[in-house]
Each structure stands twice: as C-alpha cells, then as structure tokens.
file entry_29.txt (compact mmCIF, C-alpha atoms and all ligand atoms)
# COMPACT_ATOMS: atom_id res chain seq x y z
CA MET A 1 -71.36 -157.36 142.25
CA SER A 2 -69.83 -160.85 142.40
CA ASP A 3 -71.66 -163.79 143.96
CA PRO A 4 -71.27 -164.20 147.72
CA ILE A 5 -68.93 -166.92 148.92
CA TYR A 6 -70.58 -169.68 150.94
CA VAL A 7 -68.45 -170.87 153.85
CA ALA A 8 -69.15 -173.41 156.61
CA PHE A 9 -67.35 -174.71 159.65
CA ALA A 10 -68.84 -178.16 159.59
CA THR A 11 -68.44 -181.59 161.09
CA GLN A 12 -70.81 -184.15 162.54
CA LYS A 13 -69.47 -184.22 166.11
CA GLY A 14 -70.91 -181.79 168.63
CA GLY A 15 -68.83 -179.48 170.78
CA VAL A 16 -65.74 -179.11 168.56
CA GLY A 17 -66.32 -175.41 167.92
CA LYS A 18 -68.42 -175.03 164.74
CA SER A 19 -70.73 -172.32 166.06
CA THR A 20 -67.97 -170.63 168.05
CA LEU A 21 -65.62 -170.38 165.06
CA THR A 22 -68.47 -169.27 162.78
CA ALA A 23 -69.35 -166.39 165.11
CA LEU A 24 -65.73 -165.43 165.78
CA VAL A 25 -64.65 -165.36 162.14
CA ALA A 26 -67.86 -163.70 160.88
CA SER A 27 -67.62 -160.99 163.55
CA TYR A 28 -63.92 -160.39 162.98
CA LEU A 29 -64.41 -159.99 159.21
CA TYR A 30 -67.39 -157.67 159.64
CA TYR A 31 -66.54 -155.53 162.66
CA VAL A 32 -62.74 -155.39 162.31
CA GLU A 33 -62.05 -155.83 158.59
CA GLY A 34 -65.17 -154.24 157.13
CA ILE A 35 -66.16 -157.21 154.94
CA GLU A 36 -69.93 -157.53 154.42
CA VAL A 37 -71.07 -160.85 155.89
CA ALA A 38 -74.26 -162.67 156.79
CA ALA A 39 -74.76 -165.84 158.78
CA VAL A 40 -77.29 -168.61 158.26
CA ASP A 41 -78.14 -170.61 161.35
CA CYS A 42 -79.20 -174.02 160.03
CA ASP A 43 -78.83 -175.87 163.32
CA SER A 44 -82.51 -176.69 163.82
CA THR A 45 -82.06 -178.36 167.19
CA GLN A 46 -80.06 -175.63 168.97
CA HIS A 47 -80.00 -172.53 166.77
CA SER A 48 -76.76 -171.54 168.48
CA LEU A 49 -76.03 -168.42 166.42
CA ASN A 50 -79.49 -167.10 167.11
CA VAL A 51 -79.05 -167.88 170.80
CA TYR A 52 -75.72 -166.02 170.72
CA ARG A 53 -77.37 -162.99 169.09
CA GLU A 54 -80.17 -162.87 171.64
CA HIS A 55 -77.65 -163.22 174.44
CA ASP A 56 -75.45 -160.48 172.91
CA LEU A 57 -78.42 -158.13 172.60
CA MET A 58 -79.31 -158.76 176.22
CA VAL A 59 -75.82 -158.24 177.68
CA THR A 60 -75.17 -155.09 175.67
CA LYS A 61 -78.39 -153.65 177.10
CA GLU A 62 -78.07 -154.84 180.68
CA ASN A 63 -74.36 -154.71 181.51
CA PRO A 64 -73.45 -150.99 181.94
CA TYR A 65 -69.83 -151.54 180.83
CA LEU A 66 -70.82 -153.42 177.65
CA LYS A 67 -73.56 -150.88 176.98
CA ARG A 68 -70.89 -148.15 176.90
CA VAL A 69 -68.58 -150.27 174.72
CA CYS A 70 -71.46 -150.91 172.32
CA HIS A 71 -72.52 -147.27 172.17
CA LYS A 72 -68.95 -146.14 171.47
CA PHE A 73 -68.42 -148.77 168.78
CA TYR A 74 -71.69 -148.12 166.89
CA SER A 75 -71.30 -144.33 167.00
CA GLN A 76 -68.32 -144.86 164.67
CA PHE A 77 -69.27 -148.06 162.85
CA LYS A 78 -72.60 -146.70 161.54
CA GLN A 79 -73.92 -150.04 160.30
CA LYS A 80 -76.29 -152.54 161.81
CA PRO A 81 -75.03 -155.87 163.17
CA TYR A 82 -74.80 -158.47 160.42
CA GLU A 83 -77.88 -160.49 159.65
CA ILE A 84 -78.38 -163.93 161.18
CA LEU A 85 -80.97 -165.92 159.22
CA LEU A 86 -82.77 -168.66 161.05
CA THR A 87 -83.68 -171.76 159.08
CA SER A 88 -83.31 -175.52 158.67
CA PRO A 89 -80.85 -177.47 156.52
CA ALA A 90 -83.66 -178.24 154.04
CA ASP A 91 -84.63 -174.56 153.58
CA ALA A 92 -81.26 -172.86 154.03
CA ILE A 93 -80.46 -172.28 150.36
CA ALA A 94 -83.96 -170.98 149.50
CA VAL A 95 -83.93 -168.67 152.54
CA THR A 96 -80.50 -167.37 151.50
CA ASP A 97 -81.66 -166.87 147.88
CA ASN A 98 -84.60 -164.78 149.11
CA PHE A 99 -82.28 -162.73 151.31
CA LEU A 100 -80.09 -162.00 148.28
CA LYS A 101 -83.07 -161.27 146.02
CA ALA A 102 -84.22 -158.70 148.59
CA GLY A 103 -81.12 -156.68 147.68
CA ASN A 104 -78.67 -157.73 150.39
CA THR A 105 -75.09 -157.93 149.15
CA PRO A 106 -72.88 -159.85 151.58
CA GLN A 107 -69.46 -160.85 150.27
CA VAL A 108 -69.30 -163.92 152.50
CA ILE A 109 -72.14 -165.99 153.96
CA PHE A 110 -71.39 -168.35 156.85
CA PHE A 111 -73.60 -171.40 157.35
CA ASP A 112 -73.69 -173.05 160.76
CA ILE A 113 -74.32 -176.67 159.80
CA THR A 114 -74.49 -179.54 162.20
CA GLY A 115 -75.36 -183.20 161.66
CA THR A 116 -74.17 -186.28 159.89
CA ILE A 117 -73.28 -186.75 156.28
CA ASN A 118 -75.90 -189.53 156.15
CA ASP A 119 -78.68 -186.94 156.24
CA HIS A 120 -79.93 -186.00 152.77
CA ASP A 121 -80.65 -182.33 153.58
CA ILE A 122 -77.25 -181.87 155.23
CA VAL A 123 -75.48 -183.43 152.25
CA ASN A 124 -77.34 -181.11 149.85
CA LEU A 125 -76.48 -178.09 151.97
CA ILE A 126 -72.80 -179.02 152.28
CA ALA A 127 -72.70 -179.53 148.51
CA ASN A 128 -73.74 -175.88 148.10
CA MET A 129 -70.76 -174.52 150.05
CA ASP A 130 -67.76 -173.00 148.29
CA TYR A 131 -65.35 -173.63 151.16
CA LEU A 132 -65.49 -175.99 154.12
CA PHE A 133 -63.47 -175.76 157.31
CA VAL A 134 -63.68 -178.82 159.53
CA PRO A 135 -62.87 -178.17 163.21
CA ILE A 136 -60.88 -180.95 164.83
CA THR A 137 -59.54 -181.34 168.36
CA THR A 138 -57.01 -183.73 169.89
CA GLU A 139 -59.73 -185.49 171.91
CA THR A 140 -59.76 -189.03 170.46
CA GLY A 141 -63.47 -189.31 169.61
CA GLU A 142 -63.71 -185.80 168.18
CA MET A 143 -60.54 -186.29 166.17
CA ALA A 144 -61.75 -189.57 164.61
CA SER A 145 -65.15 -188.06 163.87
CA SER A 146 -63.77 -184.98 162.09
CA ILE A 147 -61.33 -187.04 160.02
CA SER A 148 -64.11 -189.44 159.03
CA PHE A 149 -66.40 -186.51 158.12
CA ALA A 150 -63.72 -184.81 155.99
CA ASN A 151 -62.82 -188.10 154.33
CA ASN A 152 -66.46 -188.77 153.45
CA VAL A 153 -66.94 -185.29 152.01
CA LYS A 154 -63.79 -185.72 149.97
CA ASN A 155 -64.52 -189.21 148.65
CA LYS A 156 -68.29 -189.15 148.34
CA MET A 157 -68.78 -185.54 147.25
CA MET A 158 -65.66 -183.75 146.05
CA ALA A 159 -64.27 -186.71 144.10
CA THR A 160 -67.56 -187.19 142.26
CA ARG A 161 -67.93 -183.43 141.58
CA VAL A 162 -71.52 -183.35 142.84
CA THR A 163 -70.58 -180.31 144.89
CA ASN A 164 -69.59 -176.64 144.67
CA VAL A 165 -66.91 -177.21 147.31
CA LYS A 166 -63.63 -175.86 145.96
CA GLU A 167 -61.47 -176.46 149.01
CA MET A 168 -61.80 -178.13 152.38
CA HIS A 169 -59.34 -177.83 155.26
CA LEU A 170 -59.38 -179.15 158.78
CA VAL A 171 -58.72 -176.61 161.52
CA TRP A 172 -57.20 -177.57 164.85
CA ASN A 173 -59.17 -176.09 167.74
CA LYS A 174 -58.75 -176.23 171.53
CA ILE A 175 -54.96 -176.75 171.35
CA ASN A 176 -52.90 -176.05 174.46
CA THR A 177 -50.20 -174.07 172.64
CA ARG A 178 -50.17 -171.49 169.84
CA GLU A 179 -48.33 -173.92 167.58
CA LYS A 180 -49.27 -177.39 166.39
CA SER A 181 -48.51 -179.96 169.06
CA ARG A 182 -46.59 -183.15 168.22
CA LEU A 183 -49.92 -184.99 168.10
CA CYS A 184 -51.33 -182.49 165.58
CA GLU A 185 -48.25 -183.01 163.41
CA ILE A 186 -48.55 -186.80 163.55
CA ILE A 187 -52.23 -186.59 162.58
CA ASP A 188 -51.41 -184.08 159.83
CA ASP A 189 -48.99 -186.62 158.33
CA TYR A 190 -51.64 -189.33 158.59
CA ILE A 191 -54.41 -187.28 156.95
CA GLU A 192 -52.06 -186.09 154.22
CA LYS A 193 -51.98 -189.68 152.98
CA MET A 194 -55.77 -189.48 152.69
CA GLY A 195 -55.46 -186.32 150.60
CA LEU A 196 -56.58 -184.07 153.47
CA ASP A 197 -54.83 -181.17 155.15
CA SER A 198 -55.20 -178.75 158.02
CA LEU A 199 -54.68 -175.00 158.23
CA ASP A 200 -51.32 -173.74 159.53
CA THR A 201 -53.10 -171.75 162.23
CA VAL A 202 -54.30 -173.55 165.33
CA LEU A 203 -56.76 -172.08 167.80
CA VAL A 204 -55.68 -172.23 171.40
CA LYS A 205 -57.79 -173.71 174.14
CA SER A 206 -58.62 -170.78 176.34
CA ASN A 207 -61.30 -169.57 178.69
CA LYS A 208 -61.46 -166.42 176.53
CA PHE A 209 -63.88 -168.38 174.41
CA GLU A 210 -66.33 -168.21 177.29
CA LYS A 211 -66.01 -164.41 177.50
CA ASP A 212 -69.31 -163.47 175.96
CA GLY A 213 -70.59 -161.03 178.54
CA ARG A 214 -71.98 -163.57 180.99
CA GLU A 215 -69.63 -162.19 183.66
CA THR A 216 -70.55 -158.94 185.30
CA GLY A 217 -68.17 -156.01 185.67
CA ASN A 218 -65.71 -154.48 183.23
CA VAL A 219 -64.91 -157.71 181.41
CA GLY A 220 -64.47 -157.39 177.64
CA LEU A 221 -66.09 -159.66 175.10
CA PHE A 222 -64.24 -162.20 173.00
CA ARG A 223 -67.06 -163.96 171.18
CA SER A 224 -69.89 -161.63 170.24
CA THR A 225 -72.12 -161.38 167.19
CA MET A 226 -72.51 -157.65 167.85
CA LEU A 227 -69.04 -156.39 168.67
CA PRO A 228 -65.42 -157.00 167.67
CA PRO A 229 -63.36 -159.05 170.13
CA ASP A 230 -61.75 -157.08 172.93
CA LYS A 231 -58.16 -156.28 171.86
CA ARG A 232 -56.68 -157.57 175.13
CA LEU A 233 -58.46 -160.91 174.75
CA LEU A 234 -57.52 -161.17 171.08
CA LYS A 235 -53.83 -161.28 171.98
CA GLY A 236 -52.47 -164.83 171.91
CA SER A 237 -55.70 -166.39 170.60
CA ASN A 238 -54.51 -166.80 166.98
CA LEU A 239 -57.88 -165.50 165.74
CA GLU A 240 -56.27 -162.79 163.60
CA GLU A 241 -53.97 -165.38 162.05
CA LEU A 242 -56.91 -167.68 161.39
CA VAL A 243 -58.90 -164.95 159.65
CA SER A 244 -55.92 -163.98 157.54
CA GLU A 245 -55.34 -167.60 156.44
CA ILE A 246 -59.04 -168.03 155.64
CA ARG A 247 -59.12 -164.77 153.64
CA ASN A 248 -56.23 -166.03 151.54
CA ILE A 249 -58.10 -169.24 150.80
CA ILE A 250 -61.52 -167.78 150.05
CA LYS A 251 -59.93 -164.79 148.32
CA VAL A 252 -61.66 -161.83 149.98
N1 LIG B 1 -60.66 -172.84 171.47
C1 LIG B 1 -61.53 -173.02 172.47
N2 LIG B 1 -61.13 -172.93 173.76
C2 LIG B 1 -61.99 -173.12 174.77
N3 LIG B 1 -63.29 -173.40 174.60
C3 LIG B 1 -63.75 -173.51 173.34
C4 LIG B 1 -62.91 -173.31 172.21
N4 LIG B 1 -63.66 -173.47 171.10
C5 LIG B 1 -64.91 -173.76 171.50
N5 LIG B 1 -64.97 -173.77 172.84
C6 LIG B 1 -66.14 -174.09 173.69
O1 LIG B 1 -66.58 -175.41 173.37
C7 LIG B 1 -67.98 -175.50 173.49
C8 LIG B 1 -68.57 -176.10 172.22
O2 LIG B 1 -68.37 -175.20 171.15
P1 LIG B 1 -69.48 -175.00 170.00
O3 LIG B 1 -70.83 -174.85 170.59
O4 LIG B 1 -68.97 -173.94 169.10
O5 LIG B 1 -69.41 -176.43 169.29
P2 LIG B 1 -70.27 -176.97 168.05
O6 LIG B 1 -69.33 -177.75 167.23
O7 LIG B 1 -70.98 -175.85 167.39
O8 LIG B 1 -71.30 -177.93 168.79
P3 LIG B 1 -72.74 -178.45 168.29
O9 LIG B 1 -72.51 -179.55 167.30
O10 LIG B 1 -73.39 -178.92 169.54
O11 LIG B 1 -73.45 -177.30 167.63
C9 LIG B 1 -68.48 -174.10 173.80
O12 LIG B 1 -68.70 -174.00 175.19
C10 LIG B 1 -67.33 -173.19 173.39
O13 LIG B 1 -67.27 -172.00 174.15
MG MG B 2 -73.02 -175.50 167.10
call {"tool": "encode", "arguments": {"input": "entry_29.txt", "output": "structure tokens"}}
result
Amino acid sequence: MSDPIYVAFATQKGGVGKSTLTALVASYLYYVEGIEVAAVDCDSTQHSLNVYREHDLMVTKENPYLKRVCHKFYSQFKQKPYEILLTSPADAIAVTDNFLKAGNTPQVIFFDITGTINDHDIVNLIANMDYLFVPITTETGEMASSISFANNVKNKMMATRVTNVKEMHLVWNKINTREKSRLCEIIDDYIEKMGLDSLDTVLVKSNKFEKDGRETGNVGLFRSTMLPPDKRLLKGSNLEELVSEIRNIIKV
C-alpha cells in the first residue's frame, strides 16, 4: 500500500472557499469516484469540516427527502462516510499518523488549514503537504492575499526545499462564468512572472454552494460530507472538471 497523498486547499484569507472546496473535492472523490479519502480539520477556531459533518448528519435525519436520498445511497454504497479528524495545526500530523497506524488506508488525505504563513505551526503543517491548491477570487483583497500567500510558500518554503510540497497551483473560485474572465487571464499573466500558475478549471460563483440541506422540501444537496452532489446541481458547476484536473496532478 503506497503512502497517502496529503493535499490542502490553503490560504491565509478567510472566506475564499478553502473548507468548501475541501469538502466538495473530498466528497466527490469518495462518493462518486470510489477513492478512499480522509479529512483533517485543523481549523481550531471554526472547525468548519466538523460543523459541516454535524449539519449533514442532522439534515439527513430530519429532512424526509434527504433521509430517503441517504438511505437509497448507502444501501448501495455499503461504506461509512469518510473520516473527519478534528485537531489543531500543531497536532495534525501526529493525529494523522495515529489514524494511519490504526490501520486506516486512505489514498488521499485533505487538510483544512487556515491562518497565516507567519505562524510556526501552520508553516510546519503546510510543509508536510504533498500538493497545495490556493483558492483565489477576483475580489481585490482576497486576490492580493492569495497571491502573497502562494508567493511566500514558493519563495520561503519550496525554493529552500524545507517542504514536501511537490506542486502548488492557485484555483480561481467564485467566478461569474465557466471560463476564466479577462481579469483572471491578466492576473494569470502577472503571476506567471512570479513562477506561479492557476488551474485551467475555474469554479463558478453560484448559490448551489449554499445547497447543503438547510432548505426544506425536495431540494438536493450540492455540498455534503455524507452524500455525492445532486446530479442536477453538479451541472455547470465545473466540479467534475476540477476533480479531474486535480486527479491528474496528484496522480490518483
Ligand atoms: N463558488 C462559490 N460560489 C458561491 N459561494 C461560494 C463559493 N465558494 C464558496 N462559497 C461560499 O463562501 C463562503 C466562504 O467559504 P469557506 O467557508 O469555504 O471559506 P474559507 O476559505 O474556508 O474561510 P475561513 O478562512 O473562514 O475558514 C461560504 O458561505 C461558501 O458557501
Ligand atoms: Mg474554512
């Protein structure tokens, strides 16, 4: 059994989509593509992935429509939901090691990391990743923050080889169209000169991302840690394209 691949969607700025993309990609790989995954929630202040899981458990019990969807899915899937480990940046690697020593064999482990590159524990944790994906949006502050984060990781960590990180790519999120906008292309040209690049796939800005079962009635789920995304909601989101591009990079 080969070593699991450590992957993180990371950047210092809040609200750009780290936890959302982590949950979406982990769930798609596990529930749709059958890849064994685990997730490590290292966001000590919010524990978003854990909050998602608790929410998902609640809605699949309490919403009759989602309860039926869940029952139908698990009667065929025959596996438990993937594990979400709850920890801090300082303990994340030790907690993951123990999880692996206990006989768990995920192919990919996603770490939800939040915080600045000036924090010693965060730097150590990022240095343990195999692949980093840095969400970036076209909002000016978020854009500058993600570029600065990626540039720091590249110059302070990757260039000095004090890291396992093999590749890092920015990923455009919350874009109004399914293709890169002119602004994305201009920024791509700019970051290329810094030795950075972004994925071809962009994620559209859409209220699908809020479809997590909080609405009542027969509304499907897009982001769930317990179920695959509803096929109707998947259409036009570019999530399948994103997963395919990521699989090519991390080679699973
Ligand atoms: N492509 C998208 N379209 C619409 N809404 C989105 C999209 N991606 C993320 N969101 C929304 O943006 C908000 C912030 O996302 P998320 O919590 O994933 O950010 P984060 O980077 O993990 O933030 P933090 O640093 O606070 O942990 C959430 O409400 C999420 O649903
Ligand atoms: Mg988060």
call {"tool": "atom_distance", "arguments": {"input": "entry_29.txt", "atom1": "atom CA of A:Gln46", "atom2": "atom CA of A:Met158"}}
result
28.3 Å
call {"tool": "residues_around", "arguments": {"input": "entry_29.txt", "residues": "stretch 143-145 of chain A", "least_positions_apart": "3", "cutoff": "12 Å", "atoms": "all atoms listed in the file", "output": "PyMOL selection string"}}
result
chain A and resi 10-16+115-117+134-140+148-152+170-174+183-184+187-188+190-191
call {"tool": "closest_residue", "arguments": {"input": "entry_29.txt", "among": "A:Lys67, A:Lys211, A:Lys180, A:Arg53", "to": "A:Asp230", "atoms": "all atoms listed in the file"}}
result
A:Lys211
call {"tool": "residues_near_point", "arguments": {"input": "entry_29.txt", "point": "(-76.6, -155.6, 173.0)", "cutoff": "10 Å", "atoms": "all atoms listed in the file", "output": "list in words"}}
result
Arg53, Glu54, His55, Asp56, Leu57, Met58, Val59, Thr60, Lys61, Glu62, Asn63, Leu66, Lys67, Val69, Cys70, His71, Pro81, Gly213, Ser224, Thr225, Met226 and Leu227 of chain A
call {"tool": "residues_near_ligand", "arguments": {"input": "entry_29.txt", "ligand": "ligand MG 2 (chain B)", "cutoff": "6 Å", "atoms": "only C-alpha atoms and all ligand atoms", "output": "compact mmCIF listing (two decimals) with C-alpha atoms, keeping the file's coordinate frame"}}
result
# COMPACT_ATOMS: atom_id res chain seq x y z
CA LYS A 18 -68.42 -175.03 164.74
CA SER A 19 -70.73 -172.32 166.06
CA SER A 48 -76.76 -171.54 168.48
call {"tool": "atom_distance", "arguments": {"input": "entry_29.txt", "atom1": "atom CA of A:Ala90", "atom2": "atom P1 of ligand LIG 1 (chain B)"}}
result
21.6 Å
call {"tool": "residues_around", "arguments": {"input": "entry_29.txt", "residues": "A:Thr163", "least_positions_apart": "5", "cutoff": "7 Å", "atoms": "all atoms listed in the file", "output": "PyMOL selection string"}}
result
chain A and resi 127-128+157-158
call {"tool": "decode", "arguments": {"input": "entry_29.txt", "residues": "stretch 156-168 of chain A", "atoms": "all heavy atoms", "output": "CSV table (one decimal), in the first residue's frame"}}
result
chain,number,residue,atom,x,y,z
A,156,LYS,N,9.7,31.1,0.3
A,156,LYS,CA,10.3,30.8,1.6
A,156,LYS,C,10.4,29.3,1.9
A,156,LYS,O,11.1,28.9,2.7
A,156,LYS,CB,9.4,31.5,2.7
A,156,LYS,CG,9.6,33.0,2.7
A,156,LYS,CD,9.0,33.6,3.9
A,156,LYS,CE,9.0,35.1,3.8
A,156,LYS,NZ,7.9,35.8,4.5
A,157,MET,N,9.5,28.5,1.2
A,157,MET,CA,9.5,27.1,1.5
A,157,MET,C,9.9,26.2,0.4
A,157,MET,O,10.9,25.4,0.5
A,157,MET,CB,8.1,26.7,2.0
A,157,MET,CG,7.6,27.4,3.3
A,157,MET,SD,5.9,27.0,3.7
A,157,MET,CE,6.1,25.4,4.3
A,158,MET,N,9.3,26.4,-0.8
A,158,MET,CA,9.6,25.5,-1.9
A,158,MET,C,11.0,25.7,-2.4
A,158,MET,O,11.7,24.7,-2.7
A,158,MET,CB,8.5,25.6,-3.0
A,158,MET,CG,7.2,25.1,-2.5
A,158,MET,SD,5.8,25.4,-3.7
A,158,MET,CE,6.1,24.1,-4.9
A,159,ALA,N,11.4,27.0,-2.5
A,159,ALA,CA,12.7,27.3,-3.1
A,159,ALA,C,13.8,26.8,-2.2
A,159,ALA,O,14.9,26.4,-2.6
A,159,ALA,CB,12.8,28.8,-3.3
A,160,THR,N,13.6,26.7,-0.9
A,160,THR,CA,14.6,26.3,0.1
A,160,THR,C,14.5,24.8,0.4
A,160,THR,O,15.3,24.2,1.2
A,160,THR,CB,14.5,27.1,1.4
A,160,THR,OG1,13.1,27.0,1.8
A,160,THR,CG2,14.8,28.5,1.2
A,161,ARG,N,13.5,24.1,-0.2
A,161,ARG,CA,13.4,22.7,-0.1
A,161,ARG,C,13.1,22.2,1.3
A,161,ARG,O,13.4,21.1,1.7
A,161,ARG,CB,14.6,21.9,-0.7
A,161,ARG,CG,14.7,22.1,-2.2
A,161,ARG,CD,15.9,21.4,-2.7
A,161,ARG,NE,16.3,21.8,-4.0
A,161,ARG,CZ,15.8,21.4,-5.1
A,161,ARG,NH1,14.9,20.4,-5.1
A,161,ARG,NH2,16.2,21.9,-6.3
A,162,VAL,N,12.6,23.1,2.2
A,162,VAL,CA,12.3,22.6,3.5
A,162,VAL,C,10.8,22.1,3.6
A,162,VAL,O,10.1,22.3,4.6
A,162,VAL,CB,12.5,23.8,4.6
A,162,VAL,CG1,13.9,24.1,4.8
A,162,VAL,CG2,11.7,25.0,4.2
A,163,THR,N,10.4,21.5,2.5
A,163,THR,CA,9.0,21.2,2.4
A,163,THR,C,8.8,19.9,1.6
A,163,THR,O,9.6,19.6,0.7
A,163,THR,CB,8.2,22.3,1.8
A,163,THR,OG1,6.9,21.9,1.5
A,163,THR,CG2,8.8,22.9,0.5
A,164,ASN,N,7.7,19.2,1.8
A,164,ASN,CA,7.3,18.1,1.0
A,164,ASN,C,6.6,18.5,-0.3
A,164,ASN,O,6.3,17.7,-1.2
A,164,ASN,CB,6.4,17.1,1.7
A,164,ASN,CG,7.1,16.3,2.8
A,164,ASN,OD1,8.3,16.2,2.8
A,164,ASN,ND2,6.3,15.7,3.7
A,165,VAL,N,6.2,19.8,-0.3
A,165,VAL,CA,5.3,20.2,-1.4
A,165,VAL,C,5.9,20.0,-2.8
A,165,VAL,O,7.0,20.6,-3.0
A,165,VAL,CB,4.9,21.7,-1.2
A,165,VAL,CG1,4.0,22.2,-2.3
A,165,VAL,CG2,4.2,21.9,0.2
A,166,LYS,N,5.2,19.2,-3.6
A,166,LYS,CA,5.7,18.9,-4.9
A,166,LYS,C,5.2,19.9,-5.9
A,166,LYS,O,5.9,20.3,-6.9
A,166,LYS,CB,5.3,17.5,-5.3
A,166,LYS,CG,6.0,16.5,-4.4
A,166,LYS,CD,5.3,15.1,-4.6
A,166,LYS,CE,5.8,14.2,-3.5
A,166,LYS,NZ,5.5,14.6,-2.1
A,167,GLU,N,3.9,20.3,-5.8
A,167,GLU,CA,3.3,21.3,-6.7
A,167,GLU,C,2.3,22.1,-5.9
A,167,GLU,O,1.7,21.7,-5.0
A,167,GLU,CB,2.6,20.6,-7.8
A,167,GLU,CG,3.4,19.9,-8.8
A,167,GLU,CD,2.6,19.3,-10.0
A,167,GLU,OE1,1.6,20.0,-10.4
A,167,GLU,OE2,3.0,18.3,-10.5
A,168,MET,N,2.2,23.4,-6.4
A,168,MET,CA,1.2,24.3,-5.8
A,168,MET,C,0.6,25.0,-7.0
A,168,MET,O,1.3,25.5,-7.9
A,168,MET,CB,1.9,25.3,-4.9
A,168,MET,CG,0.9,26.4,-4.4
A,168,MET,SD,1.7,27.6,-3.3
A,168,MET,CE,3.0,28.2,-4.3
